[in-house]
Structure formats: structure tokens, C-alpha cells
>>> print(open('input_16.pdb').read())   # PDB, C-alpha atoms, pLDDT in the B column
ATOM      1  CA  ALA L1377     129.370  99.342  73.303  1.00 75.00           C
ATOM      2  CA  GLN L1378     130.041  98.043  69.863  1.00 81.00           C
ATOM      3  CA  SER L1379     131.604  94.714  69.003  1.00 89.00           C
ATOM      4  CA  VAL L1380     132.541  92.894  65.830  1.00 94.00           C
ATOM      5  CA  THR L1381     132.572  89.156  65.234  1.00 95.00           C
ATOM      6  CA  GLN L1382     134.498  87.465  62.484  1.00 96.00           C
ATOM      7  CA  LEU L1383     133.716  83.811  63.018  1.00 90.00           C
ATOM      8  CA  ASP L1384     136.151  82.441  60.460  1.00 94.00           C
ATOM      9  CA  SER L1385     139.771  82.795  61.531  1.00 94.00           C
ATOM     10  CA  GLN L1386     140.980  81.268  58.280  1.00 96.00           C
ATOM     11  CA  VAL L1387     139.366  80.710  54.880  1.00 97.00           C
ATOM     12  CA  PRO L1388     141.198  78.548  52.333  1.00 97.00           C
ATOM     13  CA  VAL L1389     140.072  78.884  48.725  1.00 97.00           C
ATOM     14  CA  PHE L1390     141.340  78.001  45.275  1.00 97.00           C
ATOM     15  CA  GLU L1391     142.312  80.652  42.777  1.00 97.00           C
ATOM     16  CA  GLU L1392     139.414  81.947  40.636  1.00 97.00           C
ATOM     17  CA  ALA L1393     136.831  80.641  43.111  1.00 98.00           C
ATOM     18  CA  PRO L1394     134.369  83.002  44.811  1.00 98.00           C
ATOM     19  CA  VAL L1395     134.812  83.890  48.459  1.00 98.00           C
ATOM     20  CA  GLU L1396     132.740  85.381  51.261  1.00 97.00           C
ATOM     21  CA  LEU L1397     134.242  86.587  54.521  1.00 98.00           C
ATOM     22  CA  ARG L1398     131.670  87.020  57.245  1.00 97.00           C
ATOM     23  CA  CYS L1399     131.306  89.912  59.635  1.00 97.00           C
ATOM     24  CA  ASN L1400     128.616  90.537  62.220  1.00 96.00           C
ATOM     25  CA  TYR L1401     128.438  93.508  64.524  1.00 94.00           C
ATOM     26  CA  SER L1402     126.480  94.616  67.536  1.00 90.00           C
ATOM     27  CA  SER L1403     125.625  98.201  68.342  1.00 81.00           C
ATOM     28  CA  SER L1404     122.766 100.098  69.879  1.00 74.00           C
ATOM     29  CA  VAL L1405     123.266 103.083  67.581  1.00 78.00           C
ATOM     30  CA  SER L1406     123.733 103.660  63.888  1.00 79.00           C
ATOM     31  CA  VAL L1407     127.136 102.609  62.660  1.00 84.00           C
ATOM     32  CA  TYR L1408     129.755 103.016  60.008  1.00 88.00           C
ATOM     33  CA  LEU L1409     131.321  99.789  58.762  1.00 92.00           C
ATOM     34  CA  PHE L1410     134.704  99.113  57.225  1.00 94.00           C
ATOM     35  CA  TRP L1411     136.798  96.332  55.752  1.00 96.00           C
ATOM     36  CA  TYR L1412     140.574  96.624  55.909  1.00 96.00           C
ATOM     37  CA  VAL L1413     143.188  94.353  54.345  1.00 96.00           C
ATOM     38  CA  GLN L1414     146.633  93.636  55.751  1.00 95.00           C
ATOM     39  CA  TYR L1415     149.247  92.082  53.488  1.00 93.00           C
ATOM     40  CA  PRO L1416     152.158  90.288  55.196  1.00 89.00           C
ATOM     41  CA  ASN L1417     154.390  92.602  57.216  1.00 85.00           C
ATOM     42  CA  GLN L1418     152.454  95.694  56.224  1.00 88.00           C
ATOM     43  CA  GLY L1419     149.990  98.105  57.783  1.00 90.00           C
ATOM     44  CA  LEU L1420     146.254  98.074  57.138  1.00 93.00           C
ATOM     45  CA  GLN L1421     144.711  99.434  53.961  1.00 93.00           C
ATOM     46  CA  LEU L1422     141.072 100.363  53.523  1.00 93.00           C
ATOM     47  CA  LEU L1423     139.169  98.060  51.140  1.00 95.00           C
ATOM     48  CA  LEU L1424     135.745  99.654  51.402  1.00 94.00           C
ATOM     49  CA  LYS L1425     133.388 101.409  53.780  1.00 92.00           C
ATOM     50  CA  TYR L1426     129.678 101.844  54.393  1.00 91.00           C
ATOM     51  CA  LEU L1427     128.592 105.198  55.767  1.00 86.00           C
ATOM     52  CA  SER L1428     125.050 105.554  54.403  1.00 84.00           C
ATOM     53  CA  GLY L1429     123.019 105.124  51.235  1.00 85.00           C
ATOM     54  CA  SER L1430     123.221 102.035  49.041  1.00 87.00           C
ATOM     55  CA  THR L1431     123.708  98.890  51.087  1.00 89.00           C
ATOM     56  CA  LEU L1432     125.959  97.344  48.417  1.00 95.00           C
ATOM     57  CA  VAL L1433     129.388  98.889  48.616  1.00 95.00           C
ATOM     58  CA  LYS L1434     132.133  98.352  46.060  1.00 95.00           C
ATOM     59  CA  GLY L1435     135.776  98.641  47.009  1.00 94.00           C
ATOM     60  CA  ILE L1436     139.222  98.216  45.581  1.00 93.00           C
ATOM     61  CA  ASN L1437     140.590  95.049  43.979  1.00 92.00           C
ATOM     62  CA  GLY L1438     137.123  93.795  42.949  1.00 95.00           C
ATOM     63  CA  PHE L1439     135.783  93.362  46.495  1.00 97.00           C
ATOM     64  CA  GLU L1440     132.278  94.328  47.550  1.00 97.00           C
ATOM     65  CA  ALA L1441     130.259  94.119  50.743  1.00 97.00           C
ATOM     66  CA  GLU L1442     126.598  94.298  51.611  1.00 95.00           C
ATOM     67  CA  PHE L1443     125.235  96.017  54.707  1.00 94.00           C
ATOM     68  CA  ASN L1444     122.293  94.138  56.189  1.00 93.00           C
ATOM     69  CA  LYS L1445     120.819  96.056  59.084  1.00 90.00           C
ATOM     70  CA  SER L1446     118.267  93.411  60.089  1.00 91.00           C
ATOM     71  CA  GLN L1447     120.963  90.746  60.331  1.00 92.00           C
ATOM     72  CA  THR L1448     123.601  93.181  61.611  1.00 93.00           C
ATOM     73  CA  SER L1449     126.037  91.870  59.036  1.00 95.00           C
ATOM     74  CA  PHE L1450     128.561  93.299  56.596  1.00 97.00           C
ATOM     75  CA  HIS L1451     129.937  90.335  54.659  1.00 97.00           C
ATOM     76  CA  LEU L1452     132.784  90.807  52.195  1.00 98.00           C
ATOM     77  CA  ARG L1453     132.647  89.072  48.803  1.00 98.00           C
ATOM     78  CA  LYS L1454     134.723  88.627  45.703  1.00 98.00           C
ATOM     79  CA  PRO L1455     133.490  86.605  42.714  1.00 97.00           C
ATOM     80  CA  SER L1456     136.926  85.353  41.664  1.00 97.00           C
ATOM     81  CA  VAL L1457     140.014  85.520  43.878  1.00 97.00           C
ATOM     82  CA  HIS L1458     143.661  85.741  42.887  1.00 97.00           C
ATOM     83  CA  ILE L1459     146.770  84.468  44.601  1.00 96.00           C
ATOM     84  CA  SER L1460     147.591  88.085  45.396  1.00 96.00           C
ATOM     85  CA  ASP L1461     144.441  88.338  47.561  1.00 97.00           C
ATOM     86  CA  THR L1462     146.131  86.186  50.190  1.00 97.00           C
ATOM     87  CA  ALA L1463     146.106  88.451  53.241  1.00 97.00           C
ATOM     88  CA  GLU L1464     144.347  89.089  56.535  1.00 96.00           C
ATOM     89  CA  TYR L1465     141.041  90.910  56.394  1.00 97.00           C
ATOM     90  CA  PHE L1466     139.609  92.936  59.256  1.00 96.00           C
ATOM     91  CA  CYS L1467     136.064  94.132  59.694  1.00 96.00           C
ATOM     92  CA  ALA L1468     135.621  97.256  61.830  1.00 94.00           C
ATOM     93  CA  VAL L1469     132.764  99.375  63.140  1.00 91.00           C
ATOM     94  CA  SER L1470     132.441 102.876  64.489  1.00 86.00           C
ATOM     95  CA  GLU L1471     129.496 104.830  65.805  1.00 77.00           C
ATOM     96  CA  GLY L1472     127.653 106.893  63.206  1.00 64.00           C
ATOM     97  CA  THR L1473     127.977 110.091  65.214  1.00 64.00           C
ATOM     98  CA  GLY L1474     130.608 111.903  67.187  1.00 64.00           C
ATOM     99  CA  PHE L1475     134.319 111.204  67.259  1.00 68.00           C
ATOM    100  CA  GLN L1476     135.245 108.114  65.332  1.00 73.00           C
ATOM    101  CA  LYS L1477     136.861 105.235  67.152  1.00 83.00           C
ATOM    102  CA  LEU L1478     137.135 101.938  65.343  1.00 88.00           C
ATOM    103  CA  VAL L1479     136.422  98.583  66.960  1.00 91.00           C
ATOM    104  CA  PHE L1480     138.044  95.772  65.015  1.00 94.00           C
ATOM    105  CA  GLY L1481     137.162  92.132  64.616  1.00 95.00           C
ATOM    106  CA  THR L1482     139.790  89.482  65.200  1.00 95.00           C
ATOM    107  CA  GLY L1483     140.511  89.091  61.499  1.00 96.00           C
ATOM    108  CA  THR L1484     140.117  86.411  58.825  1.00 97.00           C
ATOM    109  CA  ARG L1485     143.145  85.033  57.029  1.00 96.00           C
ATOM    110  CA  LEU L1486     142.329  84.381  53.371  1.00 97.00           C
ATOM    111  CA  LEU L1487     144.590  81.726  51.863  1.00 97.00           C
ATOM    112  CA  VAL L1488     144.381  81.461  48.080  1.00 97.00           C
ATOM    113  CA  SER L1489     146.069  78.472  46.513  1.00 97.00           C
ATOM    114  CA  PRO L1490     146.589  77.598  42.838  1.00 95.00           C
TER     115      PRO L1490
ATOM    116  CA  ASN F1411     153.518 112.403  50.616  1.00 71.00           C
ATOM    117  CA  ALA F1412     154.908 109.725  52.933  1.00 80.00           C
ATOM    118  CA  GLY F1413     151.559 109.226  54.681  1.00 92.00           C
ATOM    119  CA  VAL F1414     152.020 107.783  58.179  1.00 95.00           C
ATOM    120  CA  THR F1415     155.564 106.895  59.194  1.00 96.00           C
ATOM    121  CA  GLN F1416     156.692 104.986  62.271  1.00 97.00           C
ATOM    122  CA  THR F1417     160.084 104.467  63.860  1.00 96.00           C
ATOM    123  CA  PRO F1418     161.642 102.122  64.674  1.00 96.00           C
ATOM    124  CA  LYS F1419     160.464  99.194  62.554  1.00 95.00           C
ATOM    125  CA  PHE F1420     161.805  96.604  64.998  1.00 95.00           C
ATOM    126  CA  GLN F1421     162.877  96.769  68.638  1.00 96.00           C
ATOM    127  CA  VAL F1422     163.935  94.287  71.279  1.00 97.00           C
ATOM    128  CA  LEU F1423     163.797  95.371  74.912  1.00 96.00           C
ATOM    129  CA  LYS F1424     164.552  93.748  78.215  1.00 97.00           C
ATOM    130  CA  THR F1425     161.905  93.734  80.927  1.00 97.00           C
ATOM    131  CA  GLY F1426     161.927  97.061  82.746  1.00 97.00           C
ATOM    132  CA  GLN F1427     163.513  99.085  79.966  1.00 97.00           C
ATOM    133  CA  SER F1428     161.754 102.106  78.526  1.00 96.00           C
ATOM    134  CA  MET F1429     161.328 103.298  74.993  1.00 96.00           C
ATOM    135  CA  THR F1430     159.313 105.661  72.828  1.00 97.00           C
ATOM    136  CA  LEU F1431     157.667 104.733  69.554  1.00 98.00           C
ATOM    137  CA  GLN F1432     157.467 107.622  67.135  1.00 97.00           C
ATOM    138  CA  CYS F1433     154.704 108.353  64.654  1.00 97.00           C
ATOM    139  CA  ALA F1434     154.311 111.196  62.183  1.00 97.00           C
ATOM    140  CA  GLN F1435     151.804 112.001  59.439  1.00 96.00           C
ATOM    141  CA  ASP F1436     152.061 114.538  56.662  1.00 94.00           C
ATOM    142  CA  MET F1437     148.390 114.580  55.614  1.00 91.00           C
ATOM    143  CA  ASN F1438     147.333 117.419  57.919  1.00 90.00           C
ATOM    144  CA  HIS F1439     145.026 115.060  59.796  1.00 90.00           C
ATOM    145  CA  ASN F1440     143.517 116.143  63.079  1.00 89.00           C
ATOM    146  CA  SER F1441     143.140 112.761  64.771  1.00 90.00           C
ATOM    147  CA  MET F1442     145.786 110.155  65.537  1.00 93.00           C
ATOM    148  CA  TYR F1443     145.649 106.710  67.133  1.00 95.00           C
ATOM    149  CA  TRP F1444     147.862 104.011  68.586  1.00 97.00           C
ATOM    150  CA  TYR F1445     146.867 100.346  68.296  1.00 97.00           C
ATOM    151  CA  ARG F1446     148.443  97.088  69.238  1.00 97.00           C
ATOM    152  CA  GLN F1447     147.947  93.921  67.204  1.00 95.00           C
ATOM    153  CA  ASP F1448     148.191  90.508  68.813  1.00 94.00           C
ATOM    154  CA  PRO F1449     147.498  87.128  67.181  1.00 88.00           C
ATOM    155  CA  GLY F1450     143.824  86.204  67.297  1.00 85.00           C
ATOM    156  CA  MET F1451     142.834  89.522  68.885  1.00 88.00           C
ATOM    157  CA  GLY F1452     142.719  91.934  66.006  1.00 90.00           C
ATOM    158  CA  LEU F1453     143.703  95.537  66.677  1.00 93.00           C
ATOM    159  CA  ARG F1454     143.011  97.133  70.031  1.00 94.00           C
ATOM    160  CA  LEU F1455     143.082 100.856  70.645  1.00 94.00           C
ATOM    161  CA  ILE F1456     145.663 101.998  73.212  1.00 97.00           C
ATOM    162  CA  TYR F1457     145.335 105.784  73.101  1.00 96.00           C
ATOM    163  CA  TYR F1458     144.039 108.366  70.701  1.00 94.00           C
ATOM    164  CA  SER F1459     144.274 112.083  70.124  1.00 93.00           C
ATOM    165  CA  ALA F1460     141.207 113.743  68.655  1.00 88.00           C
ATOM    166  CA  SER F1461     143.103 116.959  68.011  1.00 87.00           C
ATOM    167  CA  GLU F1462     146.378 118.657  68.797  1.00 88.00           C
ATOM    168  CA  GLY F1463     146.679 119.109  72.540  1.00 88.00           C
ATOM    169  CA  THR F1464     144.242 116.367  73.558  1.00 91.00           C
ATOM    170  CA  THR F1465     144.759 112.677  74.332  1.00 95.00           C
ATOM    171  CA  ASP F1466     142.409 110.005  75.645  1.00 93.00           C
ATOM    172  CA  LYS F1467     142.599 106.403  76.756  1.00 94.00           C
ATOM    173  CA  GLY F1468     141.414 103.630  74.513  1.00 92.00           C
ATOM    174  CA  GLU F1469     140.646 100.015  75.311  1.00 91.00           C
ATOM    175  CA  VAL F1470     144.077  98.933  76.619  1.00 96.00           C
ATOM    176  CA  PRO F1471     145.989 101.968  77.994  1.00 97.00           C
ATOM    177  CA  ASN F1472     147.692 100.400  81.016  1.00 96.00           C
ATOM    178  CA  GLY F1473     151.480 100.523  80.849  1.00 96.00           C
ATOM    179  CA  TYR F1474     151.565 103.202  78.152  1.00 97.00           C
ATOM    180  CA  ASN F1475     151.715 106.974  77.896  1.00 97.00           C
ATOM    181  CA  VAL F1476     151.340 109.203  74.863  1.00 97.00           C
ATOM    182  CA  SER F1477     152.286 112.679  73.760  1.00 96.00           C
ATOM    183  CA  ARG F1478     150.734 114.669  70.928  1.00 95.00           C
ATOM    184  CA  LEU F1479     153.794 116.759  70.253  1.00 88.00           C
ATOM    185  CA  ASN F1480     152.183 118.809  67.489  1.00 94.00           C
ATOM    186  CA  LYS F1481     149.637 118.210  64.755  1.00 94.00           C
ATOM    187  CA  ARG F1482     152.010 115.895  62.884  1.00 96.00           C
ATOM    188  CA  GLU F1483     153.496 113.778  65.647  1.00 97.00           C
ATOM    189  CA  PHE F1484     152.035 111.362  68.194  1.00 97.00           C
ATOM    190  CA  SER F1485     154.413 109.274  70.296  1.00 97.00           C
ATOM    191  CA  LEU F1486     153.791 106.212  72.463  1.00 98.00           C
ATOM    192  CA  ARG F1487     155.977 105.570  75.498  1.00 98.00           C
ATOM    193  CA  LEU F1488     156.530 102.389  77.449  1.00 97.00           C
ATOM    194  CA  GLU F1489     157.972 103.430  80.816  1.00 93.00           C
ATOM    195  CA  SER F1490     158.799  99.938  82.097  1.00 96.00           C
ATOM    196  CA  ALA F1491     158.378  97.305  79.409  1.00 96.00           C
ATOM    197  CA  ALA F1492     156.837  93.942  80.258  1.00 97.00           C
ATOM    198  CA  PRO F1493     156.720  90.717  78.202  1.00 97.00           C
ATOM    199  CA  SER F1494     152.946  91.220  77.854  1.00 96.00           C
ATOM    200  CA  GLN F1495     153.718  94.285  75.746  1.00 97.00           C
ATOM    201  CA  THR F1496     155.337  92.172  73.045  1.00 97.00           C
ATOM    202  CA  SER F1497     153.208  93.070  70.051  1.00 97.00           C
ATOM    203  CA  VAL F1498     153.046  94.895  66.756  1.00 96.00           C
ATOM    204  CA  TYR F1499     152.163  98.552  67.228  1.00 97.00           C
ATOM    205  CA  PHE F1500     150.364 100.585  64.597  1.00 96.00           C
ATOM    206  CA  CYS F1501     149.841 104.297  64.395  1.00 97.00           C
ATOM    207  CA  ALA F1502     146.950 105.686  62.360  1.00 95.00           C
ATOM    208  CA  SER F1503     145.497 109.064  61.491  1.00 93.00           C
ATOM    209  CA  THR F1504     142.288 110.405  60.059  1.00 89.00           C
ATOM    210  CA  ARG F1505     140.654 113.674  59.155  1.00 79.00           C
ATOM    211  CA  GLU F1506     137.364 114.511  60.767  1.00 68.00           C
ATOM    212  CA  ALA F1507     135.688 116.102  57.762  1.00 61.00           C
ATOM    213  CA  GLY F1508     135.951 116.435  54.024  1.00 55.00           C
ATOM    214  CA  GLU F1509     137.368 113.948  51.563  1.00 52.00           C
ATOM    215  CA  ASN F1510     138.081 110.466  52.966  1.00 54.00           C
ATOM    216  CA  TYR F1511     136.246 111.340  56.124  1.00 62.00           C
ATOM    217  CA  ASN F1512     136.358 108.380  58.491  1.00 70.00           C
ATOM    218  CA  GLU F1513     139.152 106.543  56.698  1.00 82.00           C
ATOM    219  CA  GLN F1514     142.012 105.749  59.020  1.00 88.00           C
ATOM    220  CA  PHE F1515     145.429 105.674  57.358  1.00 91.00           C
ATOM    221  CA  PHE F1516     147.887 103.264  58.964  1.00 94.00           C
ATOM    222  CA  GLY F1517     151.626 103.281  59.329  1.00 95.00           C
ATOM    223  CA  PRO F1518     153.762 100.202  58.566  1.00 93.00           C
ATOM    224  CA  GLY F1519     153.999  99.151  62.216  1.00 95.00           C
ATOM    225  CA  THR F1520     156.662  98.605  64.861  1.00 96.00           C
ATOM    226  CA  ARG F1521     157.387  95.034  65.897  1.00 96.00           C
ATOM    227  CA  LEU F1522     158.339  95.072  69.584  1.00 97.00           C
ATOM    228  CA  THR F1523     159.694  92.124  71.552  1.00 97.00           C
ATOM    229  CA  VAL F1524     160.144  92.342  75.318  1.00 97.00           C
ATOM    230  CA  LEU F1525     162.364  89.634  76.816  1.00 96.00           C
TER     231      LEU F1525
END
>>> encode(input="input_16.pdb", output="C-alpha cells")
Amino acid sequence: AQSVTQLDSQVPVFEEAPVELRCNYSSSVSVYLFWYVQYPNQGLQLLLKYLSGSTLVKGINGFEAEFNKSQTSFHLRKPSVHISDTAEYFCAVSEGTGFQKLVFGTGTRLLVSP
Amino acid sequence: NAGVTQTPKFQVLKTGQSMTLQCAQDMNHNSMYWYRQDPGMGLRLIYYSASEGTTDKGEVPNGYNVSRLNKREFSLRLESAAPSQTSVYFCASTREAGENYNEQFFGPGTRLTVL
């Protein structure tokens, strides 16, 4: 069975600083990996996804993530954050074959202050 | 397109009451899902429907039932609500092939409180 670990429950950062949100997964099969963002009182929105190919994936709002198979990680990065990036970020994994069911991490709250 | 819609947005129930959460999508997606979101636990899958006419249990199905009424609609029913079911419930849908394959589209959520 797959699992996802987001070790940081909260990451405070100043505006225009870089940020990295960590995600590690465990799976015995090939996987698809996703990052979703949830703004306050809203549903989840896809930021980016890794299905295959290049291990560096670019998403919306200037975010990117790198798939590292040897370290079973899929960390999310942004070189310069804005106040509007304040939200909760969820990493998720699904098996690379068959019907897709997502397993989510517990989330990381990004708090951007001026 | 409205995407994924959910009703109601908020609900307060007393222990033992029943209710149905409604979900509809207008994207012609085959698969639909119900999740619950609790603080510090992320999203957990309750039930899913891979296609019209099929439903399967997810990680936390106890206390819930679902109905895939047609391709558009997927409802979640609480027969006898318990305080442990206080949560935010999200419906999602996805297509199984073609453009945006594997992306789950989420509704705005239903915030349920059981007293």
C-alpha cells in the first residue's frame, strides 16, 4: 500500500523568500505524484503532477517539483513566494497502473508574511 | 461549465439524524469520489465510483452509503450521524483517459457538524 509523508505541518516564510515543501512517499510499484493547493474555505486545485518523463515538473503560479525515485521524494519549490501563496498544500500519490485512487499526505500550511 | 458542485455548503445535524450530501459534475467524467477532510489527517477516501453503476469502499467507509445515480451525480448518505462524522466532505471527479487524465477536480466542500 502507498503512503505519503509531509513532515512539516506548517512552514512560515517571508514574502519574496524561497520555499520548499517536503513530500516523501512509499510504494512498491511505479507511481504518479501530485501536489494540490487548498485556499481557505475552498476545494483542492491541482498545482502540478508527475506521470512520467522529465523529473522536474513545472506547475501553476510559479511552483515546480522534482521527482527523485532513489529518495522517494517529490518536494515542491518556489523561488519567491507571495502573500497570496498562503494556503495548505497536499502531496498525493497514486499507483502508475489501473484505476486511480489518490492517497494524500496530511498537508503543509504555508504562511507567508510581509 | 460549473465543474463539480456540492450541496449543501453547511449542515448541522443531531446525533442519529440522517442526511444525504449531493454531488454533480458536468465534465462528462467517468469516475467520482467522496473524501472527508479532518485537521491533521489530510483527505481520506470514503467511497468511489469508477464508472456509472459501480461503487466501491475506500479507506473509511463505515457509517456511510453512496449512490451513483447517473454519470453526473454521486451522493453520500449518512444513515445515523455520529459526532465522529463531523468533518468537511469533498466530492471529486476525474476522467480515465484523454486530456487531464489523472487530474481529480474537486467541489467546494460541505462542512458538516454533528452535535
>>> resolve_selection(input="input_16.pdb", expression="the PyMOL selection byres ((chain L and resi 1485) around 8)", output="PDB file with C-alpha atoms, keeping the file's coordinate frame")
ATOM      1  CA  SER L1385     139.771  82.795  61.531  1.00 94.00           C
ATOM      2  CA  GLN L1386     140.980  81.268  58.280  1.00 96.00           C
ATOM      3  CA  VAL L1387     139.366  80.710  54.880  1.00 97.00           C
ATOM      4  CA  THR L1462     146.131  86.186  50.190  1.00 97.00           C
ATOM      5  CA  ALA L1463     146.106  88.451  53.241  1.00 97.00           C
ATOM      6  CA  GLU L1464     144.347  89.089  56.535  1.00 96.00           C
ATOM      7  CA  TYR L1465     141.041  90.910  56.394  1.00 97.00           C
ATOM      8  CA  GLY L1483     140.511  89.091  61.499  1.00 96.00           C
ATOM      9  CA  THR L1484     140.117  86.411  58.825  1.00 97.00           C
ATOM     10  CA  LEU L1486     142.329  84.381  53.371  1.00 97.00           C
ATOM     11  CA  LEU L1487     144.590  81.726  51.863  1.00 97.00           C
TER      12      LEU L1487
END
>>> resolve_selection(input="input_16.pdb", expression="the PyMOL selection byres ((chain L) within 8 of (chain F))", output="list of chain:residue names")
L:Ser1385, L:Asn1417, L:Gln1418, L:Gly1419, L:Leu1420, L:Gln1421, L:Leu1422, L:Phe1466, L:Phe1475, L:Gln1476, L:Val1479, L:Phe1480, L:Gly1481, L:Thr1482, L:Gly1483
>>> write_last_selection(input="input_16.pdb", atoms="C-alpha atoms", output="short mmCIF file (atom, residue, chain, number, x, y, z; two decimals), in the frame of the given file")
data_model
loop_
_atom_site.label_atom_id
_atom_site.label_comp_id
_atom_site.auth_asym_id
_atom_site.auth_seq_id
_atom_site.Cartn_x
_atom_site.Cartn_y
_atom_site.Cartn_z
CA SER L 1385 139.77 82.80 61.53
CA ASN L 1417 154.39 92.60 57.22
CA GLN L 1418 152.45 95.69 56.22
CA GLY L 1419 149.99 98.10 57.78
CA LEU L 1420 146.25 98.07 57.14
CA GLN L 1421 144.71 99.43 53.96
CA LEU L 1422 141.07 100.36 53.52
CA PHE L 1466 139.61 92.94 59.26
CA PHE L 1475 134.32 111.20 67.26
CA GLN L 1476 135.24 108.11 65.33
CA VAL L 1479 136.42 98.58 66.96
CA PHE L 1480 138.04 95.77 65.02
CA GLY L 1481 137.16 92.13 64.62
CA THR L 1482 139.79 89.48 65.20
CA GLY L 1483 140.51 89.09 61.50
#
>>> residues_near_point(input="input_16.pdb", point="(118.3, 94.9, 60.6)", cutoff="12 Å", atoms="all atoms listed in the file", output="CSV table (one decimal) with C-alpha atoms, in the frame of the given file")
chain,number,residue,atom,x,y,z
L,1400,ASN,CA,128.6,90.5,62.2
L,1401,TYR,CA,128.4,93.5,64.5
L,1402,SER,CA,126.5,94.6,67.5
L,1403,SER,CA,125.6,98.2,68.3
L,1404,SER,CA,122.8,100.1,69.9
L,1405,VAL,CA,123.3,103.1,67.6
L,1406,SER,CA,123.7,103.7,63.9
L,1407,VAL,CA,127.1,102.6,62.7
L,1431,THR,CA,123.7,98.9,51.1
L,1443,PHE,CA,125.2,96.0,54.7
L,1444,ASN,CA,122.3,94.1,56.2
L,1445,LYS,CA,120.8,96.1,59.1
L,1446,SER,CA,118.3,93.4,60.1
L,1447,GLN,CA,121.0,90.7,60.3
L,1448,THR,CA,123.6,93.2,61.6
L,1449,SER,CA,126.0,91.9,59.0
L,1450,PHE,CA,128.6,93.3,56.6
>>> atom_distance(input="input_16.pdb", atom1="atom CA of F:Ser1490", atom2="atom CA of F:Thr1425")
7.0 Å
>>> resolve_selection(input="input_16.pdb", expression="the PyMOL selection byres ((chain L and resi 1468) around 9)", output="PyMOL selection string")
chain L and resi 1379-1380+1399+1401+1408-1412+1466-1467+1469-1470+1478-1481
>>> atom_distance(input="input_16.pdb", atom1="atom CA of L:Asn1437", atom2="atom CA of F:Ser1503")
23.0 Å
>>> atom_distance(input="input_16.pdb", atom1="atom CA of F:Leu1431", atom2="atom CA of F:Pro1418")
6.8 Å
>>> residues_around(input="input_16.pdb", residues="L:His1458", least_positions_apart="5", cutoff="7 Å", atoms="all atoms listed in the file", output="compact mmCIF listing (two decimals) with C-alpha atoms, keeping the file's coordinate frame")
# COMPACT_ATOMS: atom_id res chain seq x y z
CA GLU L 1391 142.31 80.65 42.78
CA GLU L 1392 139.41 81.95 40.64
CA VAL L 1488 144.38 81.46 48.08
>>> axis_aligned_box(input="input_16.pdb", around="stretch 1464-1481 of chain F", padding_each_side="8 Å", output="JSON")
{"center_x": 147.2, "center_y": 108.9, "center_z": 72.9, "size_x": 29.1, "size_y": 35.9, "size_z": 32.3}
>>> build_atoms(input="input_16.pdb", residues="stretch 1458-1471 of chain F", atoms="N, CA and C atoms", output="compact mmCIF listing (two decimals), in the frame of the given file")
# COMPACT_ATOMS: atom_id res chain seq x y z
N TYR F 1458 144.30 107.57 71.88
CA TYR F 1458 144.04 108.37 70.70
C TYR F 1458 144.10 109.85 71.04
N SER F 1459 144.22 110.63 69.99
CA SER F 1459 144.27 112.08 70.12
C SER F 1459 143.32 112.67 69.10
N ALA F 1460 142.23 113.21 69.57
CA ALA F 1460 141.21 113.74 68.66
C ALA F 1460 141.69 115.01 67.95
N SER F 1461 142.56 115.74 68.61
CA SER F 1461 143.10 116.96 68.01
C SER F 1461 144.38 117.32 68.74
N GLU F 1462 145.13 118.22 68.17
CA GLU F 1462 146.38 118.66 68.80
C GLU F 1462 146.08 119.16 70.21
N GLY F 1463 146.84 118.66 71.16
CA GLY F 1463 146.68 119.11 72.54
C GLY F 1463 145.77 118.26 73.38
N THR F 1464 145.13 117.24 72.79
CA THR F 1464 144.24 116.37 73.56
C THR F 1464 144.64 114.91 73.36
N THR F 1465 144.55 114.12 74.42
CA THR F 1465 144.76 112.68 74.33
C THR F 1465 143.75 111.99 75.24
N ASP F 1466 143.38 110.77 74.85
CA ASP F 1466 142.41 110.00 75.64
C ASP F 1466 142.75 108.53 75.60
N LYS F 1467 142.34 107.83 76.67
CA LYS F 1467 142.60 106.40 76.76
C LYS F 1467 141.66 105.63 75.83
N GLY F 1468 142.21 104.55 75.30
CA GLY F 1468 141.41 103.63 74.51
C GLY F 1468 141.08 102.41 75.33
N GLU F 1469 141.07 101.27 74.67
CA GLU F 1469 140.65 100.02 75.31
C GLU F 1469 141.71 99.43 76.23
N VAL F 1470 143.00 99.59 75.86
CA VAL F 1470 144.08 98.93 76.62
C VAL F 1470 145.22 99.91 76.94
N PRO F 1471 144.98 100.94 77.77
CA PRO F 1471 145.99 101.97 77.99
C PRO F 1471 147.04 101.65 79.05
